[in-house]
Each structure stands twice: as structure tokens, then as C-alpha cells.
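input-v4.txt (compact mmCIF, C-alpha atoms) appears below.
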# COMPACT_ATOMS: atom_id res chain seq x y z
CA MET A 279 101.28 86.66 50.28
CA SER A 280 98.35 88.91 49.36
CA ALA A 281 96.56 89.15 52.69
CA LEU A 282 99.69 89.08 54.80
CA GLU A 283 99.60 91.29 57.87
CA LEU A 284 102.34 92.63 60.06
CA TYR A 285 101.70 93.18 63.74
CA SER A 286 104.04 95.65 65.41
CA PRO A 287 103.57 95.22 69.16
CA THR A 288 104.12 98.12 71.53
CA ASP A 289 106.26 96.12 73.95
CA LEU A 290 107.34 92.57 74.70
CA ALA A 291 104.32 91.89 76.92
CA ASP A 292 102.04 92.95 74.07
CA ALA A 293 103.95 90.64 71.71
CA LEU A 294 103.50 87.72 74.10
CA ARG A 295 99.78 88.38 74.50
CA PHE A 296 99.48 88.55 70.73
CA ILE A 297 101.31 85.30 70.07
CA GLU A 298 99.30 83.51 72.75
CA ARG A 299 96.18 84.47 70.82
CA GLU A 300 97.39 84.25 67.21
CA GLY A 301 100.45 82.00 67.46
CA LYS A 302 99.06 79.24 65.30
CA ARG A 303 98.77 81.41 62.19
CA ALA A 304 101.59 83.82 62.99
CA ALA A 305 105.30 83.73 62.36
CA VAL A 306 107.79 85.70 64.42
CA ILE A 307 109.98 87.95 62.31
CA ALA A 308 113.19 89.62 63.44
CA SER A 309 115.35 90.66 60.47
CA GLY A 310 113.66 88.27 58.05
CA THR A 311 116.85 87.09 56.28
CA ASP A 312 115.70 83.49 56.54
CA LEU A 313 111.92 83.91 56.66
CA LEU A 314 111.43 86.23 53.68
CA PRO A 315 113.11 84.04 51.03
CA ARG A 316 111.23 81.02 52.38
CA MET A 317 107.95 82.89 52.14
CA ARG A 318 108.73 83.94 48.58
CA LYS A 319 109.47 80.32 47.71
CA ARG A 320 106.12 79.39 49.32
CA GLN A 321 107.85 77.08 51.79
CA VAL A 322 106.01 78.77 54.63
CA ALA A 323 102.80 80.75 54.48
CA PRO A 324 101.98 82.57 57.71
CA SER A 325 99.03 84.93 57.58
CA ILE A 326 100.41 87.30 60.21
CA LEU A 327 103.96 88.32 60.98
CA LEU A 328 104.81 89.33 64.52
CA ASP A 329 107.57 91.93 64.32
CA ILE A 330 109.92 91.68 67.29
CA SER A 331 112.77 93.58 65.64
CA SER A 332 112.21 96.72 67.70
CA PHE A 333 112.81 95.01 71.07
CA THR A 334 116.54 95.55 70.96
CA ASP A 335 116.54 97.00 74.48
CA ASP A 336 115.14 93.74 75.84
CA LEU A 337 116.60 91.13 73.53
CA ARG A 338 119.89 92.36 72.07
CA TYR A 339 122.75 91.76 74.51
CA ILE A 340 125.88 89.74 75.15
CA ARG A 341 126.51 89.22 78.85
CA GLN A 342 128.82 87.12 80.93
CA MET A 343 128.09 86.66 84.61
CA ASP A 344 128.96 83.92 87.09
CA GLY A 345 130.54 81.85 84.35
CA VAL A 346 127.46 81.92 82.12
CA VAL A 347 127.35 83.63 78.73
CA ARG A 348 123.94 84.97 77.72
CA LEU A 349 123.04 86.06 74.21
CA GLY A 350 119.77 87.89 73.62
CA ALA A 351 117.76 86.54 70.71
CA LEU A 352 118.14 89.75 68.71
CA THR A 353 121.94 89.75 68.98
CA THR A 354 123.25 89.99 65.42
CA VAL A 355 126.06 87.93 63.97
CA THR A 356 128.05 91.15 63.55
CA ASP A 357 127.56 91.75 67.31
CA LEU A 358 129.14 88.32 67.94
CA LEU A 359 132.01 89.18 65.62
CA GLU A 360 132.72 92.46 67.39
CA ALA A 361 132.30 91.23 70.97
CA PRO A 362 135.57 91.18 72.94
CA LEU A 363 134.35 88.07 74.76
CA PHE A 364 134.77 85.59 71.94
CA HIS A 365 138.50 84.99 72.01
CA ALA A 366 140.74 82.33 73.55
CA ASN A 367 138.63 79.30 74.48
CA LEU A 368 135.45 80.95 73.20
CA SER A 369 136.92 81.89 69.81
CA ILE A 370 134.65 79.26 68.26
CA ILE A 371 131.86 81.87 68.21
CA ARG A 372 133.99 84.36 66.31
CA GLU A 373 135.20 81.65 63.90
CA ALA A 374 131.62 80.71 63.06
CA ALA A 375 130.53 84.35 62.80
CA GLU A 376 133.38 85.11 60.38
CA LEU A 377 132.23 82.32 58.08
CA PHE A 378 128.55 83.21 58.40
CA GLY A 379 126.92 84.56 55.24
CA ALA A 380 128.43 87.88 54.25
CA PRO A 381 128.61 91.30 55.93
CA GLN A 382 125.15 92.40 54.72
CA VAL A 383 123.58 89.29 56.19
CA ARG A 384 125.68 89.27 59.38
CA ASN A 385 124.64 92.88 60.06
CA VAL A 386 121.03 91.87 60.57
CA ALA A 387 120.74 88.09 60.99
CA THR A 388 120.06 87.20 64.61
CA VAL A 389 121.10 84.49 67.04
CA GLY A 390 117.46 83.68 67.81
CA GLY A 391 116.49 83.49 64.17
CA ASN A 392 119.37 81.18 63.36
CA VAL A 393 118.49 78.80 66.17
CA CYS A 394 114.73 78.85 65.51
CA SER A 395 115.26 78.12 61.81
CA ALA A 396 116.56 74.74 62.93
CA ALA A 397 118.05 73.90 59.55
CA SER A 398 121.30 72.22 58.64
CA SER A 399 122.21 75.42 56.85
CA GLU A 400 122.30 77.39 60.10
CA ASP A 401 125.88 77.89 61.22
CA LEU A 402 125.38 78.71 64.87
CA ILE A 403 123.39 75.68 65.98
CA SER A 404 126.29 73.22 65.99
CA VAL A 405 128.48 75.78 67.76
CA PHE A 406 125.93 76.39 70.50
CA MET A 407 125.32 72.64 70.85
CA ALA A 408 129.02 71.95 71.28
CA LEU A 409 129.01 74.57 74.02
CA GLY A 410 126.13 72.76 75.73
CA ALA A 411 123.80 75.72 75.28
CA SER A 412 120.25 76.11 76.50
CA VAL A 413 117.48 78.25 75.10
CA LYS A 414 115.05 80.37 77.07
CA LEU A 415 111.48 80.32 75.78
CA ILE A 416 109.13 82.97 77.04
CA SER A 417 105.35 83.22 76.86
CA ALA A 418 102.57 85.23 78.47
CA SER A 419 102.35 82.60 81.19
CA GLY A 420 106.03 82.33 82.07
CA GLU A 421 109.30 80.98 80.76
CA ARG A 422 111.13 77.68 80.43
CA LEU A 423 114.69 76.67 79.80
CA LEU A 424 115.45 73.85 77.40
CA PRO A 425 118.76 72.29 76.34
CA LEU A 426 119.34 73.26 72.71
CA LYS A 427 119.83 69.59 71.81
CA ASP A 428 116.23 68.95 72.91
CA PHE A 429 114.95 72.15 71.30
CA ILE A 430 115.91 70.99 67.80
CA VAL A 431 113.62 68.05 67.13
CA GLY A 432 113.83 67.70 63.35
CA LYS A 433 114.60 69.42 60.09
CA ARG A 434 113.17 72.90 60.62
CA GLU A 435 111.26 71.55 63.61
CA THR A 436 111.69 72.82 67.13
CA ALA A 437 110.06 72.35 70.50
CA LEU A 438 108.91 75.96 70.40
CA ARG A 439 105.20 76.19 71.23
CA SER A 440 102.98 78.48 69.19
CA SER A 441 102.59 80.74 72.24
CA GLU A 442 106.33 81.14 72.80
CA ILE A 443 109.21 83.32 71.66
CA LEU A 444 112.85 82.33 72.02
CA SER A 445 114.43 85.08 74.07
CA GLU A 446 117.94 83.92 74.93
CA VAL A 447 120.69 81.42 74.21
CA SER A 448 122.99 80.73 77.15
CA PHE A 449 125.92 78.46 77.91
CA GLU A 450 128.54 78.01 80.57
CA SER A 451 131.96 79.39 79.74
CA PRO A 452 134.33 76.46 79.28
CA THR A 453 136.43 75.96 82.40
CA GLY A 454 139.57 73.98 83.16
CA HIS A 455 141.69 72.75 80.27
CA SER A 456 139.05 73.52 77.68
CA TRP A 457 139.18 74.76 74.14
CA THR A 458 136.68 75.14 71.32
CA ALA A 459 137.03 75.13 67.55
CA TYR A 460 134.91 75.17 64.41
CA GLU A 461 135.33 73.95 60.84
CA LYS A 462 133.09 74.67 57.89
CA LEU A 463 133.29 73.43 54.34
CA GLY A 464 131.43 75.00 51.46
CA ARG A 465 132.03 75.49 47.78
CA ARG A 466 133.91 78.71 48.35
CA ASN A 467 134.99 80.78 51.33
CA MET A 468 132.24 83.33 51.68
CA LEU A 469 128.48 83.53 51.46
CA ILE A 470 128.09 79.80 51.50
CA ILE A 471 125.78 77.26 52.96
CA SER A 472 127.70 74.54 54.75
CA ILE A 473 128.27 71.20 53.10
CA VAL A 474 129.57 70.18 56.51
CA ASN A 475 130.10 72.24 59.60
CA GLU A 476 131.45 70.76 62.77
CA ALA A 477 132.07 72.25 66.20
CA LEU A 478 134.05 70.86 69.13
CA SER A 479 134.31 71.79 72.76
CA LEU A 480 137.14 69.74 74.26
CA THR A 481 138.20 69.45 77.91
CA LEU A 482 141.38 67.65 78.89
CA GLU A 483 142.46 66.16 82.21
CA ASP A 484 145.38 67.67 84.09
CA ASP A 485 147.79 65.36 82.26
CA MET A 486 146.83 67.28 79.06
CA ARG A 487 146.65 64.01 77.13
CA THR A 488 143.45 62.43 78.34
CA ILE A 489 140.05 63.64 77.23
CA ARG A 490 137.76 64.54 80.11
CA SER A 491 134.95 65.47 77.78
CA ALA A 492 134.52 65.98 74.06
CA ARG A 493 131.41 67.55 72.62
CA PHE A 494 131.22 67.32 68.84
CA ALA A 495 128.20 68.78 67.09
CA LEU A 496 127.52 68.84 63.36
CA ASN A 497 125.12 70.67 61.10
CA ARG A 498 123.83 67.27 60.05
CA VAL A 499 123.97 64.08 62.03
CA SER A 500 120.92 62.33 60.73
CA GLY A 501 119.40 63.52 57.48
CA ARG A 502 119.49 67.28 57.65
CA ILE A 503 119.21 67.63 61.39
CA PRO A 504 121.89 69.41 63.38
CA ALA A 505 122.81 67.47 66.52
CA LEU A 506 125.50 66.29 68.91
CA ALA A 507 127.55 63.28 67.82
CA VAL A 508 126.52 61.46 71.00
CA ARG A 509 128.28 58.14 70.44
CA THR A 510 131.50 59.74 69.28
CA ASN A 511 131.49 62.00 72.32
CA GLU A 512 130.93 59.01 74.64
CA PHE A 513 133.65 57.04 72.89
CA LEU A 514 136.23 59.79 73.36
CA GLU A 515 135.54 60.39 77.03
CA GLY A 516 138.42 59.16 79.16
CA ARG A 517 140.61 58.26 76.18
CA ARG A 518 144.13 59.47 75.63
CA ILE A 519 144.64 61.46 72.45
CA THR A 520 146.56 59.13 70.16
CA GLU A 521 146.59 58.53 66.43
CA GLU A 522 144.82 55.23 67.07
CA ALA A 523 142.09 56.78 69.23
CA ILE A 524 141.39 59.39 66.58
CA VAL A 525 141.10 56.73 63.85
CA GLN A 526 138.68 54.77 66.02
CA ALA A 527 136.68 57.89 66.84
CA GLN A 528 136.42 58.67 63.13
CA LYS A 529 134.90 55.22 62.61
CA VAL A 530 132.42 55.74 65.43
CA LEU A 531 131.48 59.09 63.95
CA ALA A 532 130.93 57.59 60.50
CA SER A 533 128.73 54.88 62.02
CA GLU A 534 126.47 57.33 63.79
CA LEU A 535 126.05 59.73 60.87
CA SER A 536 123.30 59.00 58.40
CA LEU A 537 123.74 61.74 55.89
CA THR A 538 121.69 62.37 52.83
CA SER A 539 122.91 63.57 49.46
CA ASP A 540 121.83 66.75 47.79
CA PHE A 541 123.15 69.14 45.17
CA ARG A 542 125.76 70.47 47.61
CA GLY A 543 127.36 67.12 48.25
CA SER A 544 126.81 63.40 48.60
CA GLY A 545 126.23 61.69 51.92
CA SER A 546 129.50 59.75 51.70
CA TYR A 547 131.47 62.91 50.89
CA ARG A 548 129.92 64.65 53.87
CA THR A 549 130.82 61.71 56.10
CA GLU A 550 134.41 61.72 54.94
CA ILE A 551 134.74 65.45 55.52
CA ALA A 552 133.16 65.09 58.97
CA GLN A 553 135.88 62.54 59.81
CA VAL A 554 138.63 64.83 58.56
CA PHE A 555 137.18 67.65 60.65
CA LEU A 556 137.07 65.41 63.72
CA LYS A 557 140.84 64.92 63.58
CA ARG A 558 141.53 68.54 62.72
CA LEU A 559 139.35 69.85 65.55
CA ILE A 560 140.89 67.57 68.19
CA GLN A 561 144.37 68.58 67.04
CA ARG A 562 143.54 72.27 66.99
CA CYS A 563 141.98 72.23 70.46
CA SER A 564 144.73 70.08 71.90
CA ARG A 565 147.48 72.25 70.42
CA SER A 566 145.85 75.41 71.66
CA LEU A 567 145.88 73.89 75.14
CA GLY A 568 149.55 73.01 74.74
CA GLY A 569 148.79 69.31 75.02
CA ALA A 570 149.35 66.28 72.84
CA SER A 571 148.27 66.30 69.22
CA MET B 74 93.84 96.23 56.26
CA THR B 75 97.46 95.54 55.56
CA LYS B 76 98.60 98.84 54.07
CA ARG B 77 100.35 101.31 56.30
CA ILE B 78 102.09 104.63 55.93
CA ILE B 79 105.71 104.68 57.00
CA THR B 80 108.37 107.34 56.92
CA LEU B 81 111.62 106.46 55.28
CA ASN B 82 114.59 108.78 55.43
CA VAL B 83 116.25 108.12 52.10
CA ASN B 84 119.47 109.96 51.33
CA GLY B 85 118.61 112.63 53.87
CA THR B 86 115.05 113.31 52.76
CA GLU B 87 111.97 112.11 54.65
CA HIS B 88 109.54 110.23 52.45
CA PRO B 89 106.12 109.15 53.67
CA VAL B 90 105.30 106.04 51.68
CA GLN B 91 102.39 103.64 51.68
CA VAL B 92 103.52 100.03 51.93
CA ASP B 93 101.82 96.67 51.89
CA THR B 94 103.18 94.02 54.25
CA PRO B 95 104.94 91.91 51.60
CA ASP B 96 106.68 94.97 50.09
CA ARG B 97 110.40 94.77 50.62
CA LEU B 98 112.69 97.73 51.05
CA ILE B 99 114.00 97.23 47.50
CA ASP B 100 110.43 97.46 46.11
CA VAL B 101 109.82 100.80 47.77
CA LEU B 102 113.23 102.20 46.88
CA ARG B 103 112.96 101.29 43.21
CA ASP B 104 109.27 101.50 42.43
CA GLN B 105 108.07 104.31 44.66
CA LEU B 106 111.17 106.45 45.13
CA GLY B 107 112.95 105.83 41.84
CA MET B 108 116.25 104.70 43.31
CA LYS B 109 117.25 102.58 40.33
CA SER B 110 120.84 102.08 41.45
CA VAL B 111 119.41 99.41 43.74
CA LYS B 112 119.33 96.30 41.56
CA GLU B 113 117.34 93.16 42.03
CA GLY B 114 119.28 89.97 41.36
CA CYS B 115 118.50 86.76 43.17
CA SER B 116 115.94 88.04 45.70
CA THR B 117 117.22 85.49 48.21
CA GLY B 118 120.21 87.26 49.74
CA ASP B 119 122.81 85.39 47.75
CA CYS B 120 124.02 87.94 45.21
CA GLY B 121 124.03 91.15 47.26
CA ILE B 122 123.50 93.57 44.38
CA CYS B 123 120.57 95.18 46.18
CA ALA B 124 122.87 96.32 49.01
CA VAL B 125 122.14 99.67 50.65
CA LEU B 126 122.98 101.16 54.03
CA VAL B 127 120.25 101.18 56.67
CA ASP B 128 121.11 103.12 59.82
CA GLY B 129 124.73 102.97 58.71
CA LYS B 130 124.87 99.21 58.21
CA LEU B 131 125.22 97.48 54.86
CA VAL B 132 122.19 95.26 54.26
CA ASN B 133 120.46 93.45 51.42
CA SER B 134 117.33 95.44 50.65
CA CYS B 135 115.64 92.37 49.18
CA LEU B 136 115.72 90.68 52.58
CA MET B 137 114.05 93.44 54.50
CA LEU B 138 110.38 94.28 54.82
CA ALA B 139 109.73 97.95 54.11
CA ALA B 140 107.16 98.05 56.91
CA GLN B 141 109.94 97.19 59.38
CA CYS B 142 111.99 100.18 58.19
CA ASP B 143 109.66 102.87 59.54
CA GLY B 144 111.73 105.82 60.71
CA ARG B 145 115.04 104.38 59.57
CA ARG B 146 117.77 106.08 57.56
CA VAL B 147 118.51 104.57 54.19
CA LEU B 148 121.46 105.49 52.02
CA THR B 149 121.72 104.53 48.36
CA LEU B 150 124.27 105.39 45.70
CA GLU B 151 122.03 108.26 44.53
CA GLY B 152 122.66 109.98 47.87
CA LEU B 153 126.44 109.79 47.56
CA LEU B 154 126.98 111.22 44.09
CA ASN B 155 128.61 114.36 45.50
CA ASP B 156 130.47 112.59 48.27
CA PRO B 157 134.27 112.93 47.85
CA SER B 158 134.99 109.37 48.97
CA MET B 159 132.39 107.96 46.57
CA LYS B 160 133.68 110.12 43.71
CA ARG B 161 137.18 108.83 44.32
CA LEU B 162 135.95 105.22 44.28
CA GLN B 163 133.97 105.79 41.11
CA GLY B 164 137.13 107.18 39.53
CA THR B 165 139.29 104.23 40.49
CA PHE B 166 136.59 101.80 39.34
CA MET B 167 136.71 103.52 35.94
CA THR B 168 140.49 103.67 35.56
CA ASN B 169 140.85 100.02 36.61
CA ASN B 170 138.04 98.79 34.35
CA ALA B 171 136.23 97.42 37.38
CA ALA B 172 132.83 97.57 35.73
CA GLN B 173 131.86 95.54 32.71
CA CYS B 174 128.13 94.98 32.58
CA GLY B 175 127.81 97.26 35.59
CA PHE B 176 124.96 95.45 37.26
CA CYS B 177 126.83 94.76 40.50
CA THR B 178 128.69 98.08 40.44
CA PRO B 179 126.33 100.18 42.60
CA ALA B 180 126.41 97.54 45.34
CA MET B 181 130.18 97.14 45.01
CA LEU B 182 130.51 100.90 45.40
CA MET B 183 128.26 100.96 48.47
CA ALA B 184 130.23 98.15 50.14
CA SER B 185 133.52 99.86 49.20
CA TRP B 186 132.34 103.23 50.47
CA ASP B 187 131.30 101.59 53.74
CA LEU B 188 134.78 100.05 54.00
CA ALA B 189 136.47 103.37 53.15
CA ARG B 190 134.67 105.01 56.08
CA HIS B 191 136.42 102.66 58.47
CA SER B 192 139.75 102.12 56.81
CA SER B 193 141.99 104.29 54.66
CA ASP B 194 144.40 101.50 53.84
CA PRO B 195 142.56 98.18 53.85
CA SER B 196 144.44 94.99 53.11
CA PRO B 197 143.36 92.88 50.13
CA GLU B 198 141.93 90.45 52.69
CA GLU B 199 139.79 93.15 54.31
CA ILE B 200 138.60 94.26 50.88
CA LYS B 201 137.66 90.71 49.96
CA VAL B 202 135.63 90.35 53.15
CA ALA B 203 133.94 93.72 52.59
CA ILE B 204 132.75 92.83 49.08
CA SER B 205 132.31 89.11 49.78
CA GLY B 206 128.53 89.37 49.80
CA ILE B 207 128.31 90.78 46.30
CA LEU B 208 128.65 88.62 43.23
CA CYS B 209 130.22 89.92 40.05
CA ARG B 210 129.50 87.66 37.15
CA CYS B 211 131.64 89.22 34.45
CA THR B 212 134.60 91.49 35.25
CA GLY B 213 136.19 89.36 37.92
CA TYR B 214 137.22 90.59 41.29
CA TYR B 215 140.84 91.67 40.90
CA GLN B 216 140.06 94.91 39.11
CA ILE B 217 137.49 95.64 41.78
CA ILE B 218 139.89 94.87 44.63
CA ASP B 219 142.55 97.12 43.06
CA SER B 220 139.99 99.89 42.63
CA VAL B 221 138.86 99.68 46.23
CA ARG B 222 142.43 99.73 47.54
CA GLU B 223 143.29 102.81 45.49
CA GLY B 224 139.95 104.46 46.17
CA CYS B 225 140.22 104.08 49.94
CA LYS B 226 143.63 105.77 49.99
CA GLY B 227 144.46 109.39 50.23
CA GLY B 228 141.15 110.95 51.08
CA GLU B 229 140.18 113.02 54.09
CA ARG B 230 137.55 111.30 56.16
Written form, C-alpha cells:
Amino acid sequence: MSALELYSPTDLADALRFIEREGKRAAVIASGTDLLPRMRKRQVAPSILLDISSFTDDLRYIRQMDGVVRLGALTTVTDLLEAPLFHANLSIIREAAELFGAPQVRNVATVGGNVCSAASSEDLISVFMALGASVKLISASGERLLPLKDFIVGKRETALRSSEILSEVSFESPTGHSWTAYEKLGRRNMLIISIVNEALSLTLEDDMRTIRSARFALNRVSGRIPALAVRTNEFLEGRRITEEAIVQAQKVLASELSLTSDFRGSGSYRTEIAQVFLKRLIQRCSRSLGGAS
Amino acid sequence: MTKRIITLNVNGTEHPVQVDTPDRLIDVLRDQLGMKSVKEGCSTGDCGICAVLVDGKLVNSCLMLAAQCDGRRVLTLEGLLNDPSMKRLQGTFMTNNAAQCGFCTPAMLMASWDLARHSSDPSPEEIKVAISGILCRCTGYYQIIDSVREGCKGGER
């Protein structure tokens, strides 16, 4: 890290001009809670850091308008925890924020950083995926909106171009008979990296027994890549919530997961936990809606 | 040219310091400003014993680039030695034997002091959350939790 430089742009436009020019050898840094340890471990070796941490006026906000929730990239996890918005059928965000790192990390770690890190250890990705979130990517030449599920393309790989900065995560507030819930398993309760985390956004039909849509997302679906459990979600659509349907859905989920083992847990253990979480999440959402469980 | 001069307000005093890009806040606090209460443990944000307050928020100083802290207010244990709330916490830590090797103690005190600012009667659950980012490897947490509960009580804020 001897010749490392830090560029502190004067404003967002300056930052975008800079990254258009230097993007290939630069890394964007907000709080650095993920980037700095990885640089020290020599997992990444940028030659220039682009400091966007001062753009809180532009990029740190939580807004809800016309049924859409918008989170600026520099929104911290503590901001999520303290926002009055994340209760009732959006309590999934608060649940995930409560289990995220520890206070010192939550105070600075950002929404944008978590999503751009694109690792199975990032707690917010599965939550945002379950909510059907999109990301806004800005550059000197304009902006584009991408579904989060398409943004994450591999382990620590995203569709972010070297000239772009992620500026916002947005999702539609769940409507109708919808509820959301989150489960995370680690070795202890705090300051842990997930062995499994699983998020669900569930919408029921008016009969409160039939699933209109289920969106499960996990921190790992294949290898170490966070993704939607597409086949499980398709399987559950239109089904009544019964013991039998849940057992079958658990089998579908197991068949679409291909989980690797590491020192935190084996692939088969992760799969089993993911199945347990599937049942628990459906029951929690359904109960919260006052429906069948 | 990667060196730059920044101004850090540490414990109420402005310090111009020269930093290189890779220098973290903990490096500057310990090596340039002599704030040795700030301990380096894991350097990856897992153990929390480098915790200080930056602009009133508890953070791990090993996960923060010093160059990004230009103009910010940093508070370490050294700056709170005459603070009544901190004195009370130090007292309860002593009477409850909440320090054994003492390596995590400064960070535990900073997290506890931060909690005491917001709550005069925290529940054990709130205390556990407040100190959850700091690992103690010897005393165990119950003495610490008792100390924080007693230390938060009774003081004017």
C-alpha cells in the first residue's frame, strides 16, 4: 500500500469525472469498514481511493414517496435502525440492521458499500433482494437503474462499470397482504458473519391462506453468491400454506442451493438451516398477517 | 505525493498532523499523538478494542483512514479522565473486578460512557448490545455488565 493515493473530490460531479478517467485503477471508499481490511489482507490493491464519504448531503437519505422507498448509498446501518419507517411490514430492514456487525460498525458502514461488496457476508443484500430492490448507478454520462438481482453477478462481482458509482437502493413498499421477515444464523448473536441469512417478502391472497407471491433470498444460493431462490419462489406461488406445501418447498429449496463448505459451516449444514428458516419465515410472515400458519 | 496535512480535533485540542494515505486513525492517535489507551487488536473490525468516538459516534479506529478524518472531532479515554460519568464507570469497573488483563478496558469504558450519555438506567440487554462489538478474552462479561449498570445510574447528565 506504499504508493496509495486518496482523491478527495470537491463535489459529486468532480467525483464522477475522476472515476470516468481513473476508474480502472481506483476503488471507491465510503467508510472503509469492508475495503480497508481487504486491502490489508492484500485481497484488493487499488492504487487510488476515491473518497465519497463527504457527500452526505447528496447520498445519505431515507425517503418514501409514491410507494417507493429510496436509500442513499451513504445511509448508514445505524440510520436504518433509527428510521421510523422500518416497522410493520418493513421491519425486515430493522431486523437485519440489528443483527449487522456491532454498534461501531453500524455507525459507519453504508448501504452502498454493503451492496457493492457483493459478498455472502453482507447482510443487506438478501434483504434488499427479497424486497425486489433496484440499484441506481450514476456516471459522468448519465444514470441507469438495474434490478439488484442482476447487479450481483458473482462472488464479489457486480455489474458496476469502472466509470460508475452506486448512488441509491430503492424498492416498492410492500402492498396488500404483505409481510417481510429475516433470519440470520451465526456462531453467536453479535458481531458475526452469517453462516446462513435468509429474507422473505410474502404476499397472500385475500383468503389469507394462498400465496400470491413469495420472494426468498439468501446470502448464498450457489457457492458464495447471494441471490433469490427462484425455483422455490415459483413453486410457492399460488399454493395454499399447508404443512405439506412447506415440506415440498423445503425440498425445492434444497435442490436449488449448491452451497460450499468453509470454516463457518458445511454446505449440508447450511442447506438444512436454510430449510428451517424457510418454514420459520413463512410462519412468521403468515402469523403477522393474521393468516394460516 | 500521498502525504497530506489534516487537522484532527482530539479531546478538544486541534492537532495538525501529517498523514500518508494508508495511515489509519488508530495509527495517528497512537503513534503521533500518544493516545495509548487506543489498543490495536485484530485490525479487521472484529475485536473493537480500538473503539473511539468520532463526531460523537462510537467507531473502530482501525477501520478508518486518518485522511478521511480531516476536521473531525475525536474523543479517546484520555479526554474523559476528569469527566464525572467516566470516573463513576471507572470506579464501578474497579469494585466489580471488571478488568483483568485490561486490554479491552479502555474500549469497554468508551462504549459504556457512550451508553451512559443516552441512558441512566439501561437494561442488561441494552448494555449487551452497547458492548457487543468489543471482545473481552479474560474477565468475562458479567462483571462488565454489572459495572456498566451501576456506573450509568445516579449521575447528573
(message) Neighbouring residues of A:Gly501 were defined as those with any atom within 7 Å, considering all atoms listed in the file; residues of the same chain fewer than 4 positions away were excluded. Please report them as JSON, numbers by chain.
(response) {"A": [536, 537, 538]}
(message) Can you tell me which residues surround A:Ile551 at a distance of at most 10 Å, considering all atoms listed in the file, apart from same-chain residues fewer than 6 positions away, and format the answer as a list in words?
(response)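 Here the qualifying residues turn out to be Lys462, Leu463, Ile473, Val474, Asn475, Glu476 and Gly545 of chain A.
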(message) Can you tell me which residues surround B:Thr165 at a distance of at most 8 Å, considering only C-alpha atoms, apart from same-chain residues fewer than 3 positions away, and format the answer as number ranges by chain?
(response) B: 161-162, 168-169, 220-221, 223-224
Proximity of chain B to chain A: per-residue shortest pair, 9 Å limit, all atoms listed in the file, as JSON lines:
{"residue": "B:Met74", "atom": "CA", "partner": "A:Glu283", "partner_atom": "CA", "distance": 7.8}
{"residue": "B:Thr75", "atom": "CA", "partner": "A:Glu283", "partner_atom": "CA", "distance": 5.3}
{"residue": "B:Lys76", "atom": "CA", "partner": "A:Glu283", "partner_atom": "CA", "distance": 8.5}
{"residue": "B:Asp93", "atom": "CA", "partner": "A:Glu283", "partner_atom": "CA", "distance": 8.3}
{"residue": "B:Thr94", "atom": "CA", "partner": "A:Glu283", "partner_atom": "CA", "distance": 5.8}
{"residue": "B:Pro95", "atom": "CA", "partner": "A:Met279", "partner_atom": "CA", "distance": 6.5}
{"residue": "B:Ser116", "atom": "CA", "partner": "A:Pro315", "partner_atom": "CA", "distance": 7.2}
{"residue": "B:Thr117", "atom": "CA", "partner": "A:Pro315", "partner_atom": "CA", "distance": 5.2}
{"residue": "B:Gly118", "atom": "CA", "partner": "A:Thr311", "partner_atom": "CA", "distance": 7.4}
{"residue": "B:Asp119", "atom": "CA", "partner": "A:Leu469", "partner_atom": "CA", "distance": 7.0}
{"residue": "B:Cys120", "atom": "CA", "partner": "A:Leu469", "partner_atom": "CA", "distance": 8.9}
{"residue": "B:Gly121", "atom": "CA", "partner": "A:Gln382", "partner_atom": "CA", "distance": 7.6}
{"residue": "B:Ala124", "atom": "CA", "partner": "A:Gln382", "partner_atom": "CA", "distance": 7.3}
{"residue": "B:Val125", "atom": "CA", "partner": "A:Gln382", "partner_atom": "CA", "distance": 8.9}
{"residue": "B:Lys130", "atom": "CA", "partner": "A:Asn385", "partner_atom": "CA", "distance": 6.6}
{"residue": "B:Leu131", "atom": "CA", "partner": "A:Gln382", "partner_atom": "CA", "distance": 5.1}
{"residue": "B:Val132", "atom": "CA", "partner": "A:Gln382", "partner_atom": "CA", "distance": 4.1}
{"residue": "B:Asn133", "atom": "CA", "partner": "A:Gln382", "partner_atom": "CA", "distance": 5.8}
{"residue": "B:Cys135", "atom": "CA", "partner": "A:Leu314", "partner_atom": "CA", "distance": 8.7}
{"residue": "B:Leu136", "atom": "CA", "partner": "A:Thr311", "partner_atom": "CA", "distance": 5.3}
{"residue": "B:Met137", "atom": "CA", "partner": "A:Gly310", "partner_atom": "CA", "distance": 6.3}
{"residue": "B:Leu138", "atom": "CA", "partner": "A:Gly310", "partner_atom": "CA", "distance": 7.6}
{"residue": "B:Ala140", "atom": "CA", "partner": "A:Leu284", "partner_atom": "CA", "distance": 7.9}
{"residue": "B:Gln141", "atom": "CA", "partner": "A:Asp329", "partner_atom": "CA", "distance": 7.6}
{"residue": "B:Ala184", "atom": "CA", "partner": "A:Gln382", "partner_atom": "CA", "distance": 8.9}
{"residue": "B:Val202", "atom": "CA", "partner": "A:Pro381", "partner_atom": "CA", "distance": 7.6}
{"residue": "B:Ala203", "atom": "CA", "partner": "A:Pro381", "partner_atom": "CA", "distance": 6.7}
{"residue": "B:Ile204", "atom": "CA", "partner": "A:Pro381", "partner_atom": "CA", "distance": 8.1}
{"residue": "B:Ser205", "atom": "CA", "partner": "A:Ala380", "partner_atom": "CA", "distance": 6.0}
{"residue": "B:Gly206", "atom": "CA", "partner": "A:Ala380", "partner_atom": "CA", "distance": 4.7}
{"residue": "B:Ile207", "atom": "CA", "partner": "A:Ala380", "partner_atom": "CA", "distance": 8.5}
(request) Identify, on the basis of all atoms listed in the file, every residue whose closest approach to B:Leu81 does not exceed 9 Å; exclude the query and any residue fewer than 2 positions from it along the same chain; express the result as an MDAnalysis selection string. (result) chainID B and resid 79 83 86:90 139 142:147
(message) Could you tell me how far atom CA of A:Val355 sits from atom CA of A:Thr388, in Å to one decimal place?
(response)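 Distance reported for this atom pair: 6.1 Å.
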(request) Name the residues in contact with A:Leu349 at a cut-off of 12 Å, using all atoms listed in the file, excluding same-chain residues fewer than 3 positions from it; report them as a PyMOL selection string. (result) chain A and resi 334+336-343+346+352-355+357-358+361+363-364+371+388-390+393+406+411-414+444-450
(request) Measure the distance from atom CA of A:Asp335 to atom CA of A:Ala293 in Å and round it to one decimal. (result) 14.4 Å
(request) Using all atoms listed in the file, find the one residue out of B:Asp96, B:Asp187, B:Glu113, B:Glu198 that sits nearest to B:Tyr215. (result)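 So, comparing all the options, the nearest one is B:Glu198.
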(request) Can you work out which one of A:Tyr460, A:Phe494, A:Phe541, A:Phe555 has the shortest atom-to-atom distance to A:Ser369, counting only C-alpha atoms? (result)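 Among the listed residues, A:Tyr460 lies closest to A:Ser369.
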(request) Grab the atom CA of B:Asn84 to atom CA of B:Gly152 distance for me, in Å with one decimal place. (result)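 Interatomic distance, atom CA of B:Asn84 to atom CA of B:Gly152: 4.7 Å.
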With 3 Å of padding per side, what axis-aligned box (centre and edge lengths, Å, one decimal) covers all the listed atoms of stretch 504-516 of chain A? Give it as JSON.
{"center_x": 130.2, "center_y": 63.2, "center_z": 71.3, "size_x": 22.5, "size_y": 18.4, "size_z": 21.8}
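Minimum atom-to-atom distances from B:Cys174, B:Val92, B:Leu182, B:Leu188 to B:Val111 were compared using only C-alpha atoms, and the lowest value belongs to B:Leu182.
Nearest to A:Phe296 of all the residues A:Glu442, A:Glu400, A:Asp344, A:Glu435 is A:Glu442, counting only C-alpha atoms.
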(request) Tell me which of B:Ile78, B:Cys225, B:Leu154, B:Ile99 sits closest to B:Arg190, counting only C-alpha atoms. (result) B:Cys225
